[in-house]
file coords.txt (compact mmCIF, C-alpha atoms and all ligand atoms)
# COMPACT_ATOMS: atom_id res chain seq x y z
CA MET N 1235 -42.95 -8.90 -56.54
CA ASP N 1236 -43.40 -12.67 -56.89
CA GLU N 1237 -44.85 -13.40 -53.44
CA ASN N 1238 -44.54 -17.15 -54.02
CA TYR N 1239 -40.82 -16.62 -54.03
CA TYR N 1240 -40.63 -16.34 -50.22
CA GLN N 1241 -42.66 -19.50 -49.78
CA TYR N 1242 -40.69 -21.31 -52.47
CA ILE N 1243 -37.27 -20.34 -51.05
CA ARG N 1244 -38.18 -21.20 -47.48
CA GLY N 1245 -39.57 -24.57 -48.64
CA TRP N 1246 -36.60 -25.28 -50.91
CA PHE N 1247 -33.91 -24.53 -48.32
CA GLY N 1248 -36.00 -26.08 -45.56
CA LYS N 1249 -35.56 -29.33 -47.53
CA TRP N 1250 -31.84 -28.88 -48.18
CA ALA N 1251 -30.71 -27.40 -44.86
CA SER N 1252 -29.60 -30.64 -43.17
CA PHE N 1253 -27.50 -31.71 -46.20
CA TYR N 1254 -26.32 -28.28 -47.30
CA ASN N 1255 -22.94 -28.26 -45.53
CA PHE N 1256 -22.13 -31.61 -47.09
CA ILE N 1257 -23.27 -30.58 -50.59
CA ALA N 1258 -21.29 -27.34 -50.36
CA LEU N 1259 -18.04 -29.06 -49.26
CA PRO N 1260 -16.41 -28.59 -52.71
CA LEU N 1261 -16.69 -24.83 -52.09
CA THR N 1262 -14.31 -24.88 -49.11
CA GLY N 1263 -11.42 -23.48 -51.18
CA VAL N 1264 -13.69 -20.80 -52.63
CA ARG N 1265 -14.51 -19.52 -49.13
CA ASN N 1266 -10.83 -18.80 -48.51
CA LYS N 1267 -10.40 -17.19 -51.92
CA VAL N 1268 -13.29 -14.87 -51.10
CA THR N 1269 -11.73 -13.82 -47.79
CA ASP N 1270 -8.40 -13.29 -49.61
CA MET N 1271 -10.11 -10.56 -51.66
CA ILE N 1272 -10.10 -8.39 -48.55
CA ASP N 1273 -6.64 -7.17 -47.83
CA SER N 1274 -6.90 -5.78 -44.32
CA ARG N 1275 -5.87 -6.74 -40.81
CA ASP N 1276 -8.34 -4.30 -39.24
CA LYS N 1277 -11.35 -5.59 -37.39
CA LEU N 1278 -13.74 -4.90 -40.26
CA LYS N 1279 -17.51 -5.24 -40.04
CA ILE N 1280 -18.76 -7.66 -42.66
CA LEU N 1281 -22.31 -8.51 -43.64
CA ASP N 1282 -22.89 -11.92 -45.21
CA VAL N 1283 -26.14 -11.60 -47.16
CA CYS N 1284 -28.06 -14.86 -47.82
CA THR N 1285 -25.64 -16.53 -45.42
CA GLY N 1286 -27.39 -19.92 -45.44
CA THR N 1287 -25.53 -22.25 -43.07
CA GLY N 1288 -22.87 -19.57 -42.60
CA ALA N 1289 -19.81 -21.15 -44.24
CA GLN N 1290 -18.64 -17.88 -45.78
CA ALA N 1291 -19.44 -15.96 -42.59
CA PHE N 1292 -17.24 -18.33 -40.54
CA ALA N 1293 -14.41 -18.00 -43.07
CA PHE N 1294 -14.49 -14.20 -42.60
CA ALA N 1295 -14.62 -14.53 -38.82
CA LYS N 1296 -11.57 -16.82 -38.81
CA ARG N 1297 -9.63 -13.93 -40.33
CA GLY N 1298 -10.57 -11.78 -37.35
CA TYR N 1299 -13.48 -9.83 -38.84
CA GLU N 1300 -16.74 -9.08 -37.04
CA VAL N 1301 -19.46 -10.77 -39.06
CA MET N 1302 -23.23 -10.63 -39.30
CA GLY N 1303 -25.06 -13.22 -41.40
CA ILE N 1304 -28.65 -12.73 -42.57
CA ASP N 1305 -30.98 -15.18 -44.25
CA LEU N 1306 -34.67 -15.85 -44.84
CA SER N 1307 -34.56 -19.54 -44.04
CA GLU N 1308 -35.02 -20.53 -40.42
CA GLU N 1309 -33.76 -24.05 -41.14
CA MET N 1310 -30.54 -22.86 -42.80
CA LEU N 1311 -29.90 -20.46 -39.92
CA ARG N 1312 -30.57 -23.20 -37.38
CA VAL N 1313 -27.69 -25.19 -38.90
CA ALA N 1314 -25.48 -22.07 -38.92
CA LYS N 1315 -26.20 -21.32 -35.27
CA LYS N 1316 -25.16 -24.82 -34.15
CA LYS N 1317 -21.58 -23.84 -34.79
CA LYS N 1318 -20.72 -21.46 -31.97
CA TYR N 1319 -18.18 -18.98 -33.15
CA GLU N 1320 -17.23 -15.73 -31.55
CA ASP N 1321 -17.64 -12.69 -33.76
CA VAL N 1322 -20.40 -14.16 -35.94
CA ARG N 1323 -24.05 -13.30 -35.39
CA PHE N 1324 -26.93 -14.67 -37.40
CA VAL N 1325 -30.24 -12.90 -37.84
CA MET N 1326 -33.31 -13.90 -39.80
CA ALA N 1327 -33.89 -11.01 -42.19
CA ASP N 1328 -34.99 -10.35 -45.74
CA ALA N 1329 -32.11 -9.05 -47.86
CA THR N 1330 -34.54 -6.71 -49.65
CA LYS N 1331 -35.22 -4.87 -46.38
CA MET N 1332 -32.10 -5.01 -44.25
CA PRO N 1333 -32.40 -3.87 -40.65
CA PHE N 1334 -29.16 -1.84 -40.73
CA GLU N 1335 -28.19 1.80 -40.98
CA ASN N 1336 -26.63 3.28 -44.10
CA ASP N 1337 -22.93 2.42 -44.46
CA TYR N 1338 -22.95 0.33 -41.31
CA PHE N 1339 -20.61 -2.30 -42.80
CA ASP N 1340 -17.14 -2.18 -44.37
CA PHE N 1341 -18.07 -4.99 -46.76
CA ALA N 1342 -21.28 -6.77 -47.74
CA CYS N 1343 -20.82 -10.18 -49.34
CA ILE N 1344 -23.38 -12.30 -51.16
CA SER N 1345 -22.26 -15.80 -52.04
CA PHE N 1346 -24.49 -18.05 -54.14
CA GLY N 1347 -27.48 -15.91 -53.25
CA LEU N 1348 -28.25 -13.95 -56.43
CA HIS N 1349 -29.07 -17.05 -58.46
CA ASP N 1350 -31.69 -18.05 -55.89
CA MET N 1351 -34.08 -15.15 -56.39
CA PRO N 1352 -36.21 -13.58 -59.14
CA HIS N 1353 -34.51 -10.83 -61.12
CA GLU N 1354 -36.68 -8.15 -59.56
CA VAL N 1355 -35.57 -9.27 -56.10
CA ARG N 1356 -31.90 -9.16 -57.18
CA HIS N 1357 -32.39 -5.45 -57.87
CA HIS N 1358 -33.77 -4.81 -54.38
CA VAL N 1359 -31.01 -6.83 -52.73
CA LEU N 1360 -28.25 -4.98 -54.60
CA ASP N 1361 -29.86 -1.64 -53.71
CA GLU N 1362 -29.77 -2.65 -50.07
CA MET N 1363 -26.18 -3.87 -50.26
CA ARG N 1364 -25.24 -0.54 -51.81
CA ARG N 1365 -27.00 1.29 -49.01
CA VAL N 1366 -25.32 -0.55 -46.14
CA SER N 1367 -21.80 -0.84 -47.54
CA GLU N 1368 -19.48 0.96 -49.92
CA LYS N 1369 -17.75 -2.28 -50.94
CA ILE N 1370 -19.39 -5.53 -51.86
CA ILE N 1371 -18.25 -9.01 -52.82
CA VAL N 1372 -20.37 -11.08 -55.18
CA VAL N 1373 -19.70 -14.79 -55.46
CA ASP N 1374 -21.73 -16.92 -57.83
CA TYR N 1375 -21.66 -19.27 -60.77
CA HIS N 1376 -19.42 -18.18 -63.58
CA ILE N 1377 -21.51 -18.40 -66.73
CA PRO N 1378 -19.10 -19.10 -69.61
CA LYS N 1379 -19.35 -16.93 -72.74
CA ASN N 1380 -18.61 -19.83 -75.08
CA ARG N 1381 -21.97 -21.31 -76.16
CA LEU N 1382 -21.04 -24.97 -75.76
CA HIS N 1383 -19.42 -24.43 -72.37
CA ARG N 1384 -22.39 -22.37 -71.27
CA TRP N 1385 -24.83 -25.04 -72.39
CA LEU N 1386 -22.90 -27.77 -70.54
CA HIS N 1387 -22.53 -25.64 -67.43
CA VAL N 1388 -26.16 -24.50 -67.31
CA SER N 1389 -27.54 -27.98 -68.10
CA PHE N 1390 -25.48 -29.46 -65.27
CA ALA N 1391 -26.33 -26.84 -62.65
CA SER N 1392 -30.04 -26.91 -63.63
CA LEU N 1393 -30.18 -30.52 -62.43
CA TYR N 1394 -29.94 -29.45 -58.80
CA GLU N 1395 -30.48 -25.69 -58.69
CA SER N 1396 -33.59 -23.70 -57.70
CA LYS N 1397 -36.03 -22.49 -60.34
CA TYR N 1398 -34.39 -19.03 -60.46
CA TYR N 1399 -31.00 -20.26 -61.59
CA GLN N 1400 -31.81 -20.39 -65.33
CA ASP N 1401 -32.85 -16.76 -65.32
CA PHE N 1402 -29.62 -15.84 -63.50
CA ALA N 1403 -27.63 -17.74 -66.15
CA LYS N 1404 -29.17 -15.60 -68.92
CA ARG N 1405 -28.14 -12.32 -67.31
CA ASP N 1406 -24.94 -10.35 -67.43
CA LEU N 1407 -23.83 -10.04 -63.83
CA GLU N 1408 -21.39 -7.22 -64.41
CA GLU N 1409 -24.02 -5.19 -66.23
CA LEU N 1410 -26.39 -5.72 -63.32
CA LEU N 1411 -23.73 -4.53 -60.90
CA ARG N 1412 -23.03 -1.47 -63.05
CA GLU N 1413 -26.76 -0.63 -63.11
CA HIS N 1414 -26.56 -0.51 -59.32
CA GLY N 1415 -23.59 1.80 -59.33
CA PHE N 1416 -20.86 -0.77 -58.65
CA ARG N 1417 -17.52 -1.04 -60.38
CA ALA N 1418 -15.61 -4.33 -60.21
CA VAL N 1419 -12.09 -3.69 -58.91
CA LYS N 1420 -10.89 -7.26 -58.30
CA GLU N 1421 -11.87 -10.55 -59.87
CA ALA N 1422 -11.01 -14.16 -59.08
CA TYR N 1423 -12.23 -17.63 -60.05
CA GLY N 1424 -12.72 -20.75 -57.96
CA LEU N 1425 -13.39 -24.47 -58.48
CA VAL N 1426 -11.36 -24.24 -61.70
CA ASP N 1427 -13.55 -21.54 -63.28
CA PHE N 1428 -16.97 -22.72 -62.12
CA VAL N 1429 -17.25 -19.85 -59.63
CA ARG N 1430 -16.60 -16.16 -60.11
CA ILE N 1431 -15.74 -13.73 -57.33
CA LEU N 1432 -16.07 -9.98 -57.87
CA LEU N 1433 -15.05 -7.30 -55.42
CA CYS N 1434 -16.88 -4.08 -56.30
CA GLU N 1435 -16.82 -0.52 -55.10
CA ARG N 1436 -19.73 1.85 -55.04
CA LYS N 1437 -19.59 4.71 -57.52
CA SER N 1438 -21.56 7.85 -57.00
CA PHE N 1439 -24.51 7.93 -59.41
CA GLU N 1440 -22.94 10.93 -61.18
CA GLY N 1441 -20.29 8.37 -62.20
CA LYS N 1442 -17.51 10.23 -60.40
C1 LIG N 1501 -27.50 -21.32 -52.14
S1 LIG N 1501 -27.79 -20.63 -50.55
C2 LIG N 1501 -26.23 -19.82 -50.26
C3 LIG N 1501 -25.79 -19.93 -48.84
C4 LIG N 1501 -24.38 -19.40 -48.54
N1 LIG N 1501 -24.26 -17.99 -48.81
C5 LIG N 1501 -23.31 -20.14 -49.27
O1 LIG N 1501 -22.48 -19.51 -49.93
O2 LIG N 1501 -23.25 -21.38 -49.15
C6 LIG N 1501 -28.85 -19.24 -50.88
C7 LIG N 1501 -29.44 -18.65 -49.62
O3 LIG N 1501 -30.10 -17.44 -49.97
C8 LIG N 1501 -31.18 -17.26 -49.06
N2 LIG N 1501 -32.07 -16.22 -49.56
C9 LIG N 1501 -32.73 -16.17 -50.73
N3 LIG N 1501 -33.43 -15.02 -50.83
C10 LIG N 1501 -33.18 -14.30 -49.70
C11 LIG N 1501 -33.59 -13.03 -49.21
N4 LIG N 1501 -34.43 -12.23 -49.90
N5 LIG N 1501 -33.15 -12.61 -48.00
C12 LIG N 1501 -32.31 -13.39 -47.27
N6 LIG N 1501 -31.89 -14.61 -47.68
C13 LIG N 1501 -32.32 -15.07 -48.88
C14 LIG N 1501 -31.78 -18.66 -48.96
O4 LIG N 1501 -32.61 -18.82 -47.84
C15 LIG N 1501 -30.49 -19.52 -48.93
O5 LIG N 1501 -30.10 -19.79 -47.61
call {"tool": "encode", "arguments": {"input": "coords.txt", "output": "structure tokens"}}
result
Amino acid sequence: MDENYYQYIRGWFGKWASFYNFIALPLTGVRNKVTDMIDSRDKLKILDVCTGTGAQAFAFAKRGYEVMGIDLSEEMLRVAKKKKYEDVRFVMADATKMPFENDYFDFACISFGLHDMPHEVRHHVLDEMRRVSEKIIVVDYHIPKNRLHRWLHVSFASLYESKYYQDFAKRDLEELLREHGFRAVKEAYGLVDFVRILLCERKSFEGK
């Protein structure tokens, strides 16, 4: 594994943490769309992987769910923890080695996390999400299929994104999810179509 990745990510988000909530303001509507994907009034247990400053975690909690947010970056979590909110807990943890039992959660969500890690790490994170929850929600950039749109989109996002984004943009997210035994059952788009939201269920590896 690229060991510099941990150092890079902590440094990168250490720099952005104080501005992150402001930068991510345009995503406010997306947070609600993500919570709308879950159609339940039960007090579900939700894990927010790569929670950052916790915006998605708080959106889940406002719907009455019990939420746990994990992240590598102390600075991002410090911002998250400033906002006291019942039913949300934040823990510093590596998403490749989650400190939870199998199937502990009803849903595991990762929003804007997969594009901030090397491809090898994405595999470990998805394995862990599969282990701790039968259902997952993946929220990330929608990479358009049309070449011109893709070029415009990727060129724009590369101006401010981490060094792992361009690799993410080359990959097929659905194929990656299938490789990890997930089947997309609901799909939505946000910020016009800049963001894609996929709700996936775990298949057994026999494909049944
Ligand atoms: C772009 S931020 C997304 C934050 C938040 N989920 C959101 O939607 O605004 C990506 C986050 O992923 C975290 N991250 C990257 N790799 C991680 C890992 N292996 N384990 C836990 N967090 C990780 C970073 O520290 C950062 O806070």
call {"tool": "atom_distance", "arguments": {"input": "coords.txt", "atom1": "CA of Asn1255 in chain N", "atom2": "atom C2 of ligand LIG 1501 (chain N)"}}
result
10.2 Å
call {"tool": "closest_residue", "arguments": {"input": "coords.txt", "among": "N:Glu1335, N:Tyr1394, N:Ile1431, N:Phe1324", "to": "Asp1374 in chain N", "atoms": "only C-alpha atoms"}}
result
N:Ile1431
call {"tool": "residues_near_ligand", "arguments": {"input": "coords.txt", "ligand": "ligand LIG 1501 (chain N)", "cutoff": "9 Å", "atoms": "only C-alpha atoms and all ligand atoms", "output": "PDB file with C-alpha atoms, in the coordinates of the input"}}
result
ATOM      1  CA  TYR N1239     -40.820 -16.620 -54.030  1.00  0.00           C
ATOM      2  CA  TYR N1240     -40.630 -16.340 -50.220  1.00  0.00           C
ATOM      3  CA  ILE N1243     -37.270 -20.340 -51.050  1.00  0.00           C
ATOM      4  CA  ARG N1244     -38.180 -21.200 -47.480  1.00  0.00           C
ATOM      5  CA  TRP N1246     -36.600 -25.280 -50.910  1.00  0.00           C
ATOM      6  CA  PHE N1247     -33.910 -24.530 -48.320  1.00  0.00           C
ATOM      7  CA  GLY N1248     -36.000 -26.080 -45.560  1.00  0.00           C
ATOM      8  CA  ALA N1251     -30.710 -27.400 -44.860  1.00  0.00           C
ATOM      9  CA  TYR N1254     -26.320 -28.280 -47.300  1.00  0.00           C
ATOM     10  CA  ASN N1255     -22.940 -28.260 -45.530  1.00  0.00           C
ATOM     11  CA  ALA N1258     -21.290 -27.340 -50.360  1.00  0.00           C
ATOM     12  CA  LEU N1261     -16.690 -24.830 -52.090  1.00  0.00           C
ATOM     13  CA  ARG N1265     -14.510 -19.520 -49.130  1.00  0.00           C
ATOM     14  CA  ASP N1282     -22.890 -11.920 -45.210  1.00  0.00           C
ATOM     15  CA  VAL N1283     -26.140 -11.600 -47.160  1.00  0.00           C
ATOM     16  CA  CYS N1284     -28.060 -14.860 -47.820  1.00  0.00           C
ATOM     17  CA  THR N1285     -25.640 -16.530 -45.420  1.00  0.00           C
ATOM     18  CA  GLY N1286     -27.390 -19.920 -45.440  1.00  0.00           C
ATOM     19  CA  THR N1287     -25.530 -22.250 -43.070  1.00  0.00           C
ATOM     20  CA  GLY N1288     -22.870 -19.570 -42.600  1.00  0.00           C
ATOM     21  CA  ALA N1289     -19.810 -21.150 -44.240  1.00  0.00           C
ATOM     22  CA  GLN N1290     -18.640 -17.880 -45.780  1.00  0.00           C
ATOM     23  CA  ALA N1291     -19.440 -15.960 -42.590  1.00  0.00           C
ATOM     24  CA  GLY N1303     -25.060 -13.220 -41.400  1.00  0.00           C
ATOM     25  CA  ILE N1304     -28.650 -12.730 -42.570  1.00  0.00           C
ATOM     26  CA  ASP N1305     -30.980 -15.180 -44.250  1.00  0.00           C
ATOM     27  CA  LEU N1306     -34.670 -15.850 -44.840  1.00  0.00           C
ATOM     28  CA  SER N1307     -34.560 -19.540 -44.040  1.00  0.00           C
ATOM     29  CA  GLU N1308     -35.020 -20.530 -40.420  1.00  0.00           C
ATOM     30  CA  GLU N1309     -33.760 -24.050 -41.140  1.00  0.00           C
ATOM     31  CA  MET N1310     -30.540 -22.860 -42.800  1.00  0.00           C
ATOM     32  CA  LEU N1311     -29.900 -20.460 -39.920  1.00  0.00           C
ATOM     33  CA  MET N1326     -33.310 -13.900 -39.800  1.00  0.00           C
ATOM     34  CA  ALA N1327     -33.890 -11.010 -42.190  1.00  0.00           C
ATOM     35  CA  ASP N1328     -34.990 -10.350 -45.740  1.00  0.00           C
ATOM     36  CA  ALA N1329     -32.110  -9.050 -47.860  1.00  0.00           C
ATOM     37  CA  THR N1330     -34.540  -6.710 -49.650  1.00  0.00           C
ATOM     38  CA  LYS N1331     -35.220  -4.870 -46.380  1.00  0.00           C
ATOM     39  CA  MET N1332     -32.100  -5.010 -44.250  1.00  0.00           C
ATOM     40  CA  CYS N1343     -20.820 -10.180 -49.340  1.00  0.00           C
ATOM     41  CA  ILE N1344     -23.380 -12.300 -51.160  1.00  0.00           C
ATOM     42  CA  SER N1345     -22.260 -15.800 -52.040  1.00  0.00           C
ATOM     43  CA  PHE N1346     -24.490 -18.050 -54.140  1.00  0.00           C
ATOM     44  CA  GLY N1347     -27.480 -15.910 -53.250  1.00  0.00           C
ATOM     45  CA  LEU N1348     -28.250 -13.950 -56.430  1.00  0.00           C
ATOM     46  CA  HIS N1349     -29.070 -17.050 -58.460  1.00  0.00           C
ATOM     47  CA  ASP N1350     -31.690 -18.050 -55.890  1.00  0.00           C
ATOM     48  CA  MET N1351     -34.080 -15.150 -56.390  1.00  0.00           C
ATOM     49  CA  PRO N1352     -36.210 -13.580 -59.140  1.00  0.00           C
ATOM     50  CA  VAL N1355     -35.570  -9.270 -56.100  1.00  0.00           C
ATOM     51  CA  ARG N1356     -31.900  -9.160 -57.180  1.00  0.00           C
ATOM     52  CA  HIS N1358     -33.770  -4.810 -54.380  1.00  0.00           C
ATOM     53  CA  VAL N1359     -31.010  -6.830 -52.730  1.00  0.00           C
ATOM     54  CA  VAL N1373     -19.700 -14.790 -55.460  1.00  0.00           C
ATOM     55  CA  ASP N1374     -21.730 -16.920 -57.830  1.00  0.00           C
ATOM     56  CA  GLU N1395     -30.480 -25.690 -58.690  1.00  0.00           C
ATOM     57  CA  SER N1396     -33.590 -23.700 -57.700  1.00  0.00           C
TER      58      SER N1396
END
call {"tool": "residues_around", "arguments": {"input": "coords.txt", "residues": "Arg1405 in chain N", "least_positions_apart": "3", "cutoff": "12 Å", "atoms": "all atoms listed in the file", "output": "list in words"}}
result
Leu1348, His1349, Pro1352, His1353, Arg1356, Tyr1375, His1376, Ile1377, Pro1378, Lys1379, Tyr1398, Tyr1399, Gln1400, Asp1401, Phe1402, Glu1408, Glu1409, Leu1410 and Leu1411 of chain N
call {"tool": "axis_aligned_box", "arguments": {"input": "coords.txt", "around": "range 1331-1339 of chain N", "padding_each_side": "8 Å", "output": "AutoDock Vina command-line options"}}
result
--center_x -27.9 --center_y -0.9 --center_z -43.5 --size_x 30.6 --size_y 24.3 --size_z 21.7
call {"tool": "closest_residue", "arguments": {"input": "coords.txt", "among": "N:Lys1318, N:Arg1417, N:Arg1364, N:Lys1249", "to": "Asn1336 in chain N", "atoms": "all atoms listed in the file"}}
result
N:Arg1364
call {"tool": "atom_distance", "arguments": {"input": "coords.txt", "atom1": "CA of Ile1280 in chain N", "atom2": "CA of Ala1418 in chain N"}}
result
18.1 Å
call {"tool": "residues_around", "arguments": {"input": "coords.txt", "residues": "Thr1269 in chain N", "least_positions_apart": "3", "cutoff": "9 Å", "atoms": "all atoms listed in the file", "output": "list in words"}}
result
Val1264, Arg1265, Asn1266, Ile1272, Asp1273, Gln1290, Ala1293, Phe1294 and Arg1297 of chain N
call {"tool": "atom_distance", "arguments": {"input": "coords.txt", "atom1": "CA of Tyr1319 in chain N", "atom2": "CA of Phe1292 in chain N"}}
result
7.5 Å
call {"tool": "closest_residue", "arguments": {"input": "coords.txt", "among": "N:Val1313, N:Leu1360, N:Val1429, N:Leu1281", "to": "Phe1256 in chain N", "atoms": "only C-alpha atoms"}}
result
N:Val1313
call {"tool": "closest_residue", "arguments": {"input": "coords.txt", "among": "N:Asn1380, N:Glu1300, N:Lys1397, N:His1414", "to": "Asn1238 in chain N", "atoms": "only C-alpha atoms"}}
result
N:Lys1397
call {"tool": "residues_around", "arguments": {"input": "coords.txt", "residues": "Val1419 in chain N", "least_positions_apart": "2", "cutoff": "9 Å", "atoms": "only C-alpha atoms", "output": "PyMOL selection string"}}
result
chain N and resi 1417+1421+1432-1435
call {"tool": "closest_residue", "arguments": {"input": "coords.txt", "among": "N:Ile1370, N:Val1301, N:Lys1404, N:Tyr1423", "to": "Leu1278 in chain N", "atoms": "all atoms listed in the file"}}
result
N:Val1301
